[in-house]
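Peer 1: My structure is stored as entry26.txt, with compact mmCIF, N, CA and C atoms.
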```
# COMPACT_ATOMS: atom_id res chain seq x y z
N ARG A 29 0.84 -1.19 0.00
CA ARG A 29 0.00 0.00 0.00
C ARG A 29 0.88 1.25 0.00
N CYS A 30 0.41 2.29 -0.62
CA CYS A 30 1.18 3.53 -0.76
C CYS A 30 1.42 4.19 0.60
N GLN A 31 2.67 4.57 0.85
CA GLN A 31 3.02 5.18 2.12
C GLN A 31 2.30 6.51 2.34
N LEU A 32 2.10 7.27 1.26
CA LEU A 32 1.39 8.54 1.42
C LEU A 32 -0.06 8.32 1.85
N LEU A 33 -0.69 7.28 1.31
CA LEU A 33 -2.05 6.97 1.73
C LEU A 33 -2.07 6.53 3.18
N GLU A 34 -1.08 5.77 3.58
CA GLU A 34 -0.99 5.34 4.98
C GLU A 34 -0.79 6.55 5.90
N MET A 35 0.07 7.47 5.50
CA MET A 35 0.29 8.67 6.30
C MET A 35 -0.99 9.49 6.40
N ASN A 36 -1.70 9.61 5.28
CA ASN A 36 -2.96 10.35 5.27
C ASN A 36 -3.96 9.71 6.24
N GLU A 37 -4.03 8.39 6.23
CA GLU A 37 -4.96 7.68 7.11
C GLU A 37 -4.56 7.85 8.58
N LEU A 38 -3.28 7.76 8.88
CA LEU A 38 -2.82 7.97 10.27
C LEU A 38 -3.15 9.38 10.75
N CYS A 39 -2.94 10.36 9.87
CA CYS A 39 -3.27 11.74 10.24
C CYS A 39 -4.77 11.89 10.49
N ARG A 40 -5.57 11.30 9.58
CA ARG A 40 -7.03 11.39 9.73
C ARG A 40 -7.47 10.80 11.06
N LYS A 41 -6.92 9.63 11.40
CA LYS A 41 -7.27 8.97 12.67
C LYS A 41 -6.83 9.79 13.88
N SER A 42 -5.80 10.60 13.71
CA SER A 42 -5.30 11.43 14.81
C SER A 42 -5.96 12.80 14.86
N GLY A 43 -6.85 13.06 13.90
CA GLY A 43 -7.56 14.33 13.89
C GLY A 43 -6.79 15.50 13.29
N VAL A 44 -5.79 15.17 12.47
CA VAL A 44 -5.03 16.24 11.81
C VAL A 44 -5.12 16.07 10.30
N ARG A 45 -4.82 17.11 9.59
CA ARG A 45 -4.92 17.10 8.12
C ARG A 45 -3.54 16.87 7.52
N PHE A 46 -3.45 15.92 6.64
CA PHE A 46 -2.20 15.60 5.93
C PHE A 46 -2.12 16.48 4.69
N VAL A 47 -0.97 17.10 4.48
CA VAL A 47 -0.74 17.95 3.32
C VAL A 47 0.57 17.52 2.67
N VAL A 48 0.60 17.43 1.35
CA VAL A 48 1.83 17.11 0.63
C VAL A 48 2.39 18.40 0.03
N LEU A 49 3.66 18.65 0.33
CA LEU A 49 4.38 19.78 -0.26
C LEU A 49 5.40 19.25 -1.24
N PHE A 50 5.48 19.85 -2.41
CA PHE A 50 6.48 19.48 -3.39
C PHE A 50 7.62 20.49 -3.30
N ALA A 51 8.77 20.04 -2.80
CA ALA A 51 9.95 20.89 -2.66
C ALA A 51 10.85 20.62 -3.86
N PRO A 52 10.86 21.51 -4.84
CA PRO A 52 11.61 21.27 -6.06
C PRO A 52 13.12 21.44 -5.88
N THR A 53 13.85 20.76 -6.74
CA THR A 53 15.30 20.93 -6.76
C THR A 53 15.64 22.29 -7.39
N LYS A 54 16.87 22.69 -7.17
CA LYS A 54 17.34 23.95 -7.76
C LYS A 54 17.23 23.89 -9.28
N ALA A 55 17.59 22.76 -9.87
CA ALA A 55 17.52 22.63 -11.33
C ALA A 55 16.08 22.74 -11.83
N HIS A 56 15.14 22.18 -11.09
CA HIS A 56 13.73 22.25 -11.48
C HIS A 56 13.25 23.70 -11.50
N VAL A 57 13.69 24.48 -10.54
CA VAL A 57 13.27 25.88 -10.45
C VAL A 57 13.99 26.74 -11.49
N THR A 58 15.31 26.54 -11.61
CA THR A 58 16.10 27.48 -12.42
C THR A 58 16.25 27.11 -13.89
N PHE A 59 16.13 25.83 -14.23
CA PHE A 59 16.35 25.43 -15.62
C PHE A 59 15.49 26.20 -16.62
N PRO A 60 14.17 26.33 -16.38
CA PRO A 60 13.37 27.09 -17.34
C PRO A 60 13.80 28.56 -17.48
N LEU A 61 14.43 29.09 -16.44
CA LEU A 61 14.86 30.49 -16.47
C LEU A 61 16.11 30.69 -17.31
N VAL A 62 16.89 29.62 -17.52
CA VAL A 62 18.17 29.76 -18.24
C VAL A 62 18.27 28.87 -19.47
N SER A 63 17.26 28.06 -19.72
CA SER A 63 17.38 27.05 -20.78
C SER A 63 17.59 27.64 -22.17
N ASP A 64 17.20 28.88 -22.37
CA ASP A 64 17.42 29.50 -23.68
C ASP A 64 18.84 30.06 -23.82
N ARG A 65 19.63 29.98 -22.73
CA ARG A 65 21.00 30.50 -22.76
C ARG A 65 22.06 29.44 -22.58
N VAL A 66 21.66 28.17 -22.58
CA VAL A 66 22.64 27.10 -22.41
C VAL A 66 22.91 26.41 -23.74
N ASP A 67 24.10 25.86 -23.84
CA ASP A 67 24.50 25.14 -25.04
C ASP A 67 23.92 23.72 -24.97
N PRO A 68 23.03 23.37 -25.90
CA PRO A 68 22.41 22.04 -25.86
C PRO A 68 23.43 20.89 -25.81
N ALA A 69 24.53 21.02 -26.52
CA ALA A 69 25.54 19.95 -26.53
C ALA A 69 26.17 19.77 -25.14
N ARG A 70 26.38 20.86 -24.44
CA ARG A 70 26.98 20.77 -23.10
C ARG A 70 25.99 20.17 -22.09
N VAL A 71 24.72 20.55 -22.22
CA VAL A 71 23.70 19.98 -21.33
C VAL A 71 23.60 18.48 -21.56
N ARG A 72 23.58 18.08 -22.80
CA ARG A 72 23.50 16.65 -23.13
C ARG A 72 24.73 15.92 -22.61
N ALA A 73 25.91 16.48 -22.83
CA ALA A 73 27.16 15.83 -22.39
C ALA A 73 27.19 15.70 -20.86
N PHE A 74 26.74 16.72 -20.16
CA PHE A 74 26.70 16.68 -18.70
C PHE A 74 25.76 15.58 -18.23
N THR A 75 24.60 15.49 -18.84
CA THR A 75 23.61 14.47 -18.46
C THR A 75 24.13 13.07 -18.77
N ALA A 76 24.83 12.93 -19.88
CA ALA A 76 25.33 11.62 -20.31
C ALA A 76 26.35 11.04 -19.34
N ILE A 77 26.97 11.86 -18.52
CA ILE A 77 27.96 11.39 -17.56
C ILE A 77 27.37 10.33 -16.63
N SER A 78 26.13 10.55 -16.19
CA SER A 78 25.53 9.64 -15.21
C SER A 78 24.52 8.66 -15.79
N LEU A 79 24.28 8.72 -17.09
CA LEU A 79 23.32 7.80 -17.70
C LEU A 79 24.02 6.80 -18.60
N ARG A 80 23.45 5.62 -18.66
CA ARG A 80 24.01 4.58 -19.52
C ARG A 80 23.23 4.46 -20.83
N GLU A 81 22.13 5.15 -20.92
CA GLU A 81 21.29 5.04 -22.11
C GLU A 81 21.68 6.08 -23.17
N GLU A 82 21.30 5.81 -24.37
CA GLU A 82 21.56 6.74 -25.48
C GLU A 82 20.60 7.91 -25.38
N LEU A 83 21.12 9.10 -25.53
CA LEU A 83 20.30 10.31 -25.45
C LEU A 83 20.03 10.85 -26.85
N PRO A 84 18.93 11.58 -27.01
CA PRO A 84 18.66 12.21 -28.31
C PRO A 84 19.75 13.22 -28.67
N ALA A 85 19.72 13.69 -29.88
CA ALA A 85 20.65 14.74 -30.32
C ALA A 85 20.51 15.95 -29.39
N PRO A 86 21.56 16.75 -29.25
CA PRO A 86 21.56 17.85 -28.27
C PRO A 86 20.33 18.77 -28.33
N THR A 87 19.98 19.26 -29.49
CA THR A 87 18.85 20.19 -29.57
C THR A 87 17.54 19.50 -29.19
N ALA A 88 17.35 18.27 -29.65
CA ALA A 88 16.15 17.51 -29.31
C ALA A 88 16.13 17.19 -27.81
N PHE A 89 17.30 16.88 -27.26
CA PHE A 89 17.39 16.56 -25.84
C PHE A 89 17.00 17.77 -24.99
N LEU A 90 17.52 18.95 -25.34
CA LEU A 90 17.18 20.16 -24.59
C LEU A 90 15.69 20.47 -24.72
N ALA A 91 15.13 20.30 -25.89
CA ALA A 91 13.69 20.52 -26.09
C ALA A 91 12.88 19.55 -25.23
N GLU A 92 13.33 18.31 -25.14
CA GLU A 92 12.65 17.31 -24.32
C GLU A 92 12.71 17.68 -22.84
N LEU A 93 13.86 18.15 -22.39
CA LEU A 93 13.98 18.61 -21.00
C LEU A 93 13.02 19.75 -20.72
N ARG A 94 12.98 20.72 -21.62
CA ARG A 94 12.07 21.86 -21.46
C ARG A 94 10.61 21.39 -21.38
N ALA A 95 10.25 20.47 -22.25
CA ALA A 95 8.86 20.00 -22.32
C ALA A 95 8.46 19.21 -21.08
N ASN A 96 9.41 18.57 -20.43
CA ASN A 96 9.09 17.67 -19.31
C ASN A 96 9.48 18.19 -17.94
N VAL A 97 9.94 19.41 -17.85
CA VAL A 97 10.46 19.92 -16.58
C VAL A 97 9.40 19.92 -15.47
N GLU A 98 8.14 20.07 -15.82
CA GLU A 98 7.09 20.13 -14.79
C GLU A 98 6.42 18.78 -14.55
N ALA A 99 6.87 17.73 -15.24
CA ALA A 99 6.17 16.45 -15.20
C ALA A 99 6.07 15.85 -13.81
N ARG A 100 7.14 15.79 -13.07
CA ARG A 100 7.13 15.13 -11.75
C ARG A 100 6.14 15.83 -10.81
N GLU A 101 6.21 17.15 -10.76
CA GLU A 101 5.30 17.88 -9.88
C GLU A 101 3.84 17.69 -10.32
N SER A 102 3.61 17.70 -11.61
CA SER A 102 2.25 17.52 -12.13
C SER A 102 1.68 16.16 -11.77
N VAL A 103 2.50 15.12 -11.85
CA VAL A 103 2.04 13.78 -11.51
C VAL A 103 1.67 13.70 -10.04
N VAL A 104 2.49 14.26 -9.17
CA VAL A 104 2.21 14.23 -7.74
C VAL A 104 0.95 15.04 -7.43
N ALA A 105 0.83 16.21 -8.04
CA ALA A 105 -0.35 17.06 -7.81
C ALA A 105 -1.63 16.35 -8.27
N GLU A 106 -1.56 15.73 -9.42
CA GLU A 106 -2.73 15.02 -9.95
C GLU A 106 -3.12 13.85 -9.03
N TRP A 107 -2.13 13.09 -8.59
CA TRP A 107 -2.40 11.96 -7.69
C TRP A 107 -3.04 12.45 -6.40
N CYS A 108 -2.48 13.50 -5.81
CA CYS A 108 -3.04 14.05 -4.57
C CYS A 108 -4.48 14.51 -4.79
N GLY A 109 -4.73 15.15 -5.93
CA GLY A 109 -6.09 15.59 -6.23
C GLY A 109 -7.06 14.42 -6.28
N LYS A 110 -6.67 13.34 -6.92
CA LYS A 110 -7.52 12.15 -7.01
C LYS A 110 -7.78 11.53 -5.63
N GLU A 111 -6.80 11.63 -4.74
CA GLU A 111 -6.92 11.03 -3.41
C GLU A 111 -7.51 12.00 -2.38
N GLY A 112 -7.79 13.24 -2.79
CA GLY A 112 -8.34 14.22 -1.87
C GLY A 112 -7.35 14.73 -0.85
N ILE A 113 -6.07 14.69 -1.19
CA ILE A 113 -5.02 15.14 -0.29
C ILE A 113 -4.58 16.54 -0.72
N PRO A 114 -4.62 17.52 0.18
CA PRO A 114 -4.17 18.86 -0.17
C PRO A 114 -2.71 18.82 -0.64
N PHE A 115 -2.42 19.58 -1.69
CA PHE A 115 -1.09 19.59 -2.31
C PHE A 115 -0.66 21.02 -2.54
N LEU A 116 0.60 21.30 -2.23
CA LEU A 116 1.19 22.60 -2.54
C LEU A 116 2.52 22.38 -3.23
N GLY A 117 2.61 22.81 -4.47
CA GLY A 117 3.88 22.82 -5.19
C GLY A 117 4.56 24.16 -4.94
N LEU A 118 5.81 24.12 -4.57
CA LEU A 118 6.54 25.35 -4.24
C LEU A 118 7.31 25.93 -5.42
N THR A 119 7.25 25.26 -6.56
CA THR A 119 8.02 25.70 -7.73
C THR A 119 7.67 27.11 -8.15
N ALA A 120 6.40 27.39 -8.32
CA ALA A 120 5.98 28.71 -8.82
C ALA A 120 6.45 29.83 -7.90
N SER A 121 6.32 29.63 -6.60
CA SER A 121 6.75 30.67 -5.65
C SER A 121 8.26 30.89 -5.72
N LEU A 122 9.03 29.79 -5.72
CA LEU A 122 10.48 29.92 -5.78
C LEU A 122 10.95 30.49 -7.11
N ARG A 123 10.34 30.02 -8.21
CA ARG A 123 10.72 30.51 -9.53
C ARG A 123 10.37 32.00 -9.68
N GLY A 124 9.21 32.38 -9.18
CA GLY A 124 8.81 33.78 -9.25
C GLY A 124 9.77 34.68 -8.47
N ALA A 125 10.16 34.23 -7.30
CA ALA A 125 11.12 35.01 -6.50
C ALA A 125 12.46 35.09 -7.21
N ALA A 126 12.91 33.98 -7.80
CA ALA A 126 14.18 33.99 -8.53
C ALA A 126 14.10 34.95 -9.73
N LEU A 127 12.99 34.92 -10.43
CA LEU A 127 12.81 35.86 -11.55
C LEU A 127 12.86 37.30 -11.09
N GLY A 128 12.40 37.54 -9.86
CA GLY A 128 12.42 38.88 -9.29
C GLY A 128 13.76 39.28 -8.72
N GLY A 129 14.76 38.40 -8.82
CA GLY A 129 16.10 38.75 -8.37
C GLY A 129 16.49 38.20 -7.01
N THR A 130 15.63 37.43 -6.38
CA THR A 130 15.96 36.85 -5.08
C THR A 130 16.73 35.55 -5.28
N GLN A 131 17.84 35.41 -4.57
CA GLN A 131 18.60 34.16 -4.63
C GLN A 131 17.96 33.19 -3.66
N VAL A 132 17.18 32.26 -4.18
CA VAL A 132 16.42 31.34 -3.34
C VAL A 132 17.19 30.07 -2.99
N TYR A 133 18.22 29.75 -3.76
CA TYR A 133 19.08 28.60 -3.47
C TYR A 133 20.52 29.11 -3.33
N TYR A 134 21.29 28.41 -2.50
CA TYR A 134 22.71 28.72 -2.43
C TYR A 134 23.36 28.37 -3.77
N THR A 135 24.45 29.02 -4.08
CA THR A 135 25.11 28.84 -5.37
C THR A 135 25.65 27.43 -5.55
N TYR A 136 26.24 26.86 -4.52
CA TYR A 136 26.95 25.60 -4.70
C TYR A 136 26.29 24.38 -4.06
N ASP A 137 25.03 24.49 -3.67
CA ASP A 137 24.32 23.31 -3.20
C ASP A 137 22.82 23.48 -3.42
N GLN A 138 22.05 22.49 -2.98
CA GLN A 138 20.62 22.42 -3.24
C GLN A 138 19.75 23.06 -2.17
N HIS A 139 20.35 23.67 -1.17
CA HIS A 139 19.58 24.20 -0.05
C HIS A 139 19.07 25.60 -0.31
N TRP A 140 17.92 25.89 0.30
CA TRP A 140 17.36 27.24 0.20
C TRP A 140 18.18 28.21 1.04
N THR A 141 18.30 29.40 0.54
CA THR A 141 18.91 30.49 1.30
C THR A 141 17.89 30.99 2.32
N PRO A 142 18.28 31.85 3.26
CA PRO A 142 17.28 32.43 4.16
C PRO A 142 16.13 33.12 3.38
N PRO A 143 16.42 33.91 2.33
CA PRO A 143 15.29 34.46 1.57
C PRO A 143 14.45 33.37 0.89
N GLY A 144 15.08 32.27 0.48
CA GLY A 144 14.33 31.15 -0.09
C GLY A 144 13.40 30.53 0.93
N HIS A 145 13.88 30.41 2.16
CA HIS A 145 13.02 29.89 3.24
C HIS A 145 11.84 30.84 3.48
N GLU A 146 12.07 32.13 3.39
CA GLU A 146 10.99 33.10 3.57
C GLU A 146 9.94 32.94 2.48
N VAL A 147 10.38 32.73 1.25
CA VAL A 147 9.45 32.53 0.13
C VAL A 147 8.59 31.29 0.40
N VAL A 148 9.23 30.21 0.82
CA VAL A 148 8.52 28.96 1.10
C VAL A 148 7.55 29.14 2.27
N ALA A 149 8.01 29.78 3.34
CA ALA A 149 7.15 29.99 4.50
C ALA A 149 5.91 30.80 4.13
N ARG A 150 6.10 31.84 3.32
CA ARG A 150 4.98 32.67 2.88
C ARG A 150 4.00 31.85 2.03
N ALA A 151 4.54 31.03 1.14
CA ALA A 151 3.69 30.20 0.28
C ALA A 151 2.88 29.21 1.11
N ILE A 152 3.52 28.60 2.10
CA ILE A 152 2.82 27.64 2.96
C ILE A 152 1.75 28.35 3.78
N GLU A 153 2.08 29.49 4.33
CA GLU A 153 1.11 30.24 5.13
C GLU A 153 -0.12 30.61 4.30
N GLU A 154 0.10 31.12 3.11
CA GLU A 154 -1.02 31.50 2.23
C GLU A 154 -1.85 30.28 1.85
N PHE A 155 -1.17 29.17 1.56
CA PHE A 155 -1.87 27.93 1.21
C PHE A 155 -2.75 27.45 2.35
N LEU A 156 -2.19 27.42 3.54
CA LEU A 156 -2.95 26.95 4.70
C LEU A 156 -4.13 27.86 5.00
N GLU A 157 -3.94 29.16 4.86
CA GLU A 157 -5.03 30.10 5.12
C GLU A 157 -6.19 29.91 4.16
N ARG A 158 -5.91 29.61 2.90
CA ARG A 158 -7.00 29.51 1.92
C ARG A 158 -7.51 28.08 1.76
N THR A 159 -6.77 27.08 2.22
CA THR A 159 -7.14 25.69 1.98
C THR A 159 -7.74 24.97 3.16
N LEU A 160 -7.17 25.17 4.31
CA LEU A 160 -7.59 24.39 5.47
C LEU A 160 -8.65 25.13 6.28
N ASP A 161 -9.48 24.37 6.95
CA ASP A 161 -10.51 24.96 7.79
C ASP A 161 -9.84 25.75 8.91
N PRO A 162 -10.42 26.90 9.26
CA PRO A 162 -9.85 27.65 10.38
C PRO A 162 -10.02 26.89 11.70
N ALA A 163 -9.14 27.19 12.63
CA ALA A 163 -9.21 26.55 13.93
C ALA A 163 -10.51 26.95 14.64
N PRO A 164 -11.09 26.05 15.45
CA PRO A 164 -12.37 26.36 16.14
C PRO A 164 -12.20 27.43 17.19
```
Since I need it in another form, could you write the structure as structure tokens?
Peer 2:
Amino acid sequence: RCQLLEMNELCRKSGVRFVVLFAPTKAHVTFPLVSDRVDPARVRAFTAISLREELPAPTAFLAELRANVEARESVVAEWCGKEGIPFLGLTASLRGAALGGTQVYYTYDQHWTPPGHEVVARAIEEFLERTLDPAP
């Protein structure tokens, strides 16, 4: 049985609401912002380092990455919707802040910066205010 469904059931039995948050990687957030400025051959070569499968030609590979960048989040959101589990994807908030000039991830790792944490906290607060029932 799916662990998320089990967690949802445990929360329900305990009288609390289970919520799934999608915390995107730095690449998920930033790739669409820079994909028009990267060399397709270099992106393909970098990806090929860790894969054993044959990749499409560089331009086709970059186009495929662009087309599928939101796939993982979309699948999780759709599944949560079908199961009646509240879902919040943080990609749009982080990407919007990055577009506005806020450094939401550290340069050399996958962690959020303090301003990135603020963006996430604000997104969660707004989500909870509009989605969950107010406290009695």
Peer 1: So how far away is atom C of Val71 of chain A from atom C of Thr87 of chain A, in Å?
Peer 2: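 Distance reported for this atom pair: 9.8 Å.
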Peer 1: Give me every alpha helix (DSSP H) residue in chain A, going by DSSP on the backbone, as number ranges by chain.
Peer 2: A: 31-42, 54-62, 68-76, 86-96, 99-111, 119-127, 142-159
Peer 1: Report the distance between atom CA of Ala73 of chain A and atom CA of Ala55 of chain A in Å, rounded to one decimal place.
Peer 2: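 Value for the atom CA of Ala73 of chain A-atom CA of Ala55 of chain A distance: 16.2 Å.
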Peer 1: With only N, CA and C atoms as the counted atoms, please give the residues lying no more than 8 Å from segment 147-152 of chain A, apart from itself and same-chain residues fewer than 4 positions off, as a list of chain:residue names.
Peer 2: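 Contacts, in chain order: A:Leu116, A:Leu118, A:Ser121, A:Leu122, A:Ala125, A:Val132, A:Thr141, A:Pro142, A:Pro143, A:Leu156, A:Glu157, A:Arg158.
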Peer 1: One number please: atom C of Tyr136 of chain A to atom C of Phe59 of chain A, in Å, one decimal.
Peer 2: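 Taking atom C of Tyr136 of chain A and atom C of Phe59 of chain A, their separation equals 16.7 Å.
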Peer 1: Given the choices A:Val62, A:Gly144, A:Asn36, A:Phe50, which gets closest to Glu101 of chain A if the distance is worked out from only N, CA and C atoms?
Peer 2: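 Comparing A:Val62, A:Gly144, A:Asn36, A:Phe50 against Glu101 of chain A, the winner is A:Phe50.
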Peer 1: My structure is short of atoms at segment 136-160 of chain A; please model N, CA, C and O atoms there, returning them as a JSON list (two decimals), in the frame of the given file.
Peer 2:
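Saved as out25.json:
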```
[["chain", "number", "residue", "atom", "x", "y", "z"],
["A", 136, "TYR", "N", 26.24, 26.86, -4.52],
["A", 136, "TYR", "CA", 26.95, 25.60, -4.70],
["A", 136, "TYR", "C", 26.29, 24.38, -4.06],
["A", 136, "TYR", "O", 26.91, 23.35, -3.90],
["A", 137, "ASP", "N", 25.03, 24.49, -3.67],
["A", 137, "ASP", "CA", 24.32, 23.31, -3.20],
["A", 137, "ASP", "C", 22.82, 23.48, -3.42],
["A", 137, "ASP", "O", 22.38, 24.47, -3.96],
["A", 138, "GLN", "N", 22.05, 22.49, -2.98],
["A", 138, "GLN", "CA", 20.62, 22.42, -3.24],
["A", 138, "GLN", "C", 19.75, 23.06, -2.17],
["A", 138, "GLN", "O", 18.53, 22.96, -2.23],
["A", 139, "HIS", "N", 20.35, 23.67, -1.17],
["A", 139, "HIS", "CA", 19.58, 24.20, -0.05],
["A", 139, "HIS", "C", 19.07, 25.60, -0.31],
["A", 139, "HIS", "O", 19.70, 26.40, -1.00],
["A", 140, "TRP", "N", 17.92, 25.89, 0.30],
["A", 140, "TRP", "CA", 17.36, 27.24, 0.20],
["A", 140, "TRP", "C", 18.18, 28.21, 1.04],
["A", 140, "TRP", "O", 18.66, 27.87, 2.11],
["A", 141, "THR", "N", 18.30, 29.40, 0.54],
["A", 141, "THR", "CA", 18.91, 30.49, 1.30],
["A", 141, "THR", "C", 17.89, 30.99, 2.32],
["A", 141, "THR", "O", 16.70, 30.64, 2.24],
["A", 142, "PRO", "N", 18.28, 31.85, 3.26],
["A", 142, "PRO", "CA", 17.28, 32.43, 4.16],
["A", 142, "PRO", "C", 16.13, 33.12, 3.38],
["A", 142, "PRO", "O", 14.96, 32.89, 3.72],
["A", 143, "PRO", "N", 16.42, 33.91, 2.33],
["A", 143, "PRO", "CA", 15.29, 34.46, 1.57],
["A", 143, "PRO", "C", 14.45, 33.37, 0.89],
["A", 143, "PRO", "O", 13.23, 33.51, 0.76],
["A", 144, "GLY", "N", 15.08, 32.27, 0.48],
["A", 144, "GLY", "CA", 14.33, 31.15, -0.09],
["A", 144, "GLY", "C", 13.40, 30.53, 0.93],
["A", 144, "GLY", "O", 12.25, 30.20, 0.63],
["A", 145, "HIS", "N", 13.88, 30.41, 2.16],
["A", 145, "HIS", "CA", 13.02, 29.89, 3.24],
["A", 145, "HIS", "C", 11.84, 30.84, 3.48],
["A", 145, "HIS", "O", 10.72, 30.38, 3.77],
["A", 146, "GLU", "N", 12.07, 32.13, 3.39],
["A", 146, "GLU", "CA", 10.99, 33.10, 3.57],
["A", 146, "GLU", "C", 9.94, 32.94, 2.48],
["A", 146, "GLU", "O", 8.73, 33.00, 2.76],
["A", 147, "VAL", "N", 10.38, 32.73, 1.25],
["A", 147, "VAL", "CA", 9.45, 32.53, 0.13],
["A", 147, "VAL", "C", 8.59, 31.29, 0.40],
["A", 147, "VAL", "O", 7.37, 31.31, 0.23],
["A", 148, "VAL", "N", 9.23, 30.21, 0.82],
["A", 148, "VAL", "CA", 8.52, 28.96, 1.10],
["A", 148, "VAL", "C", 7.55, 29.14, 2.27],
["A", 148, "VAL", "O", 6.40, 28.72, 2.20],
["A", 149, "ALA", "N", 8.01, 29.78, 3.34],
["A", 149, "ALA", "CA", 7.15, 29.99, 4.50],
["A", 149, "ALA", "C", 5.91, 30.80, 4.13],
["A", 149, "ALA", "O", 4.79, 30.47, 4.54],
["A", 150, "ARG", "N", 6.10, 31.84, 3.32],
["A", 150, "ARG", "CA", 4.98, 32.67, 2.88],
["A", 150, "ARG", "C", 4.00, 31.85, 2.03],
["A", 150, "ARG", "O", 2.78, 31.95, 2.19],
["A", 151, "ALA", "N", 4.54, 31.03, 1.14],
["A", 151, "ALA", "CA", 3.69, 30.20, 0.28],
["A", 151, "ALA", "C", 2.88, 29.21, 1.11],
["A", 151, "ALA", "O", 1.68, 29.01, 0.87],
["A", 152, "ILE", "N", 3.52, 28.60, 2.10],
["A", 152, "ILE", "CA", 2.82, 27.64, 2.96],
["A", 152, "ILE", "C", 1.75, 28.35, 3.78],
["A", 152, "ILE", "O", 0.61, 27.86, 3.89],
["A", 153, "GLU", "N", 2.08, 29.49, 4.33],
["A", 153, "GLU", "CA", 1.11, 30.24, 5.13],
["A", 153, "GLU", "C", -0.12, 30.61, 4.30],
["A", 153, "GLU", "O", -1.26, 30.39, 4.73],
["A", 154, "GLU", "N", 0.10, 31.12, 3.11],
["A", 154, "GLU", "CA", -1.02, 31.50, 2.23],
["A", 154, "GLU", "C", -1.85, 30.28, 1.85],
["A", 154, "GLU", "O", -3.08, 30.34, 1.82],
["A", 155, "PHE", "N", -1.17, 29.17, 1.56],
["A", 155, "PHE", "CA", -1.87, 27.93, 1.21],
["A", 155, "PHE", "C", -2.75, 27.45, 2.35],
["A", 155, "PHE", "O", -3.92, 27.11, 2.16],
["A", 156, "LEU", "N", -2.19, 27.42, 3.54],
["A", 156, "LEU", "CA", -2.95, 26.95, 4.70],
["A", 156, "LEU", "C", -4.13, 27.86, 5.00],
["A", 156, "LEU", "O", -5.22, 27.39, 5.34],
["A", 157, "GLU", "N", -3.94, 29.16, 4.86],
["A", 157, "GLU", "CA", -5.03, 30.10, 5.12],
["A", 157, "GLU", "C", -6.19, 29.91, 4.16],
["A", 157, "GLU", "O", -7.34, 30.02, 4.55],
["A", 158, "ARG", "N", -5.91, 29.61, 2.90],
["A", 158, "ARG", "CA", -7.00, 29.51, 1.92],
["A", 158, "ARG", "C", -7.51, 28.08, 1.76],
["A", 158, "ARG", "O", -8.59, 27.87, 1.22],
["A", 159, "THR", "N", -6.77, 27.08, 2.22],
["A", 159, "THR", "CA", -7.14, 25.69, 1.98],
["A", 159, "THR", "C", -7.74, 24.97, 3.16],
["A", 159, "THR", "O", -8.70, 24.22, 3.01],
["A", 160, "LEU", "N", -7.17, 25.17, 4.31],
["A", 160, "LEU", "CA", -7.59, 24.39, 5.47],
["A", 160, "LEU", "C", -8.65, 25.13, 6.28],
["A", 160, "LEU", "O", -8.68, 26.36, 6.30]]
```
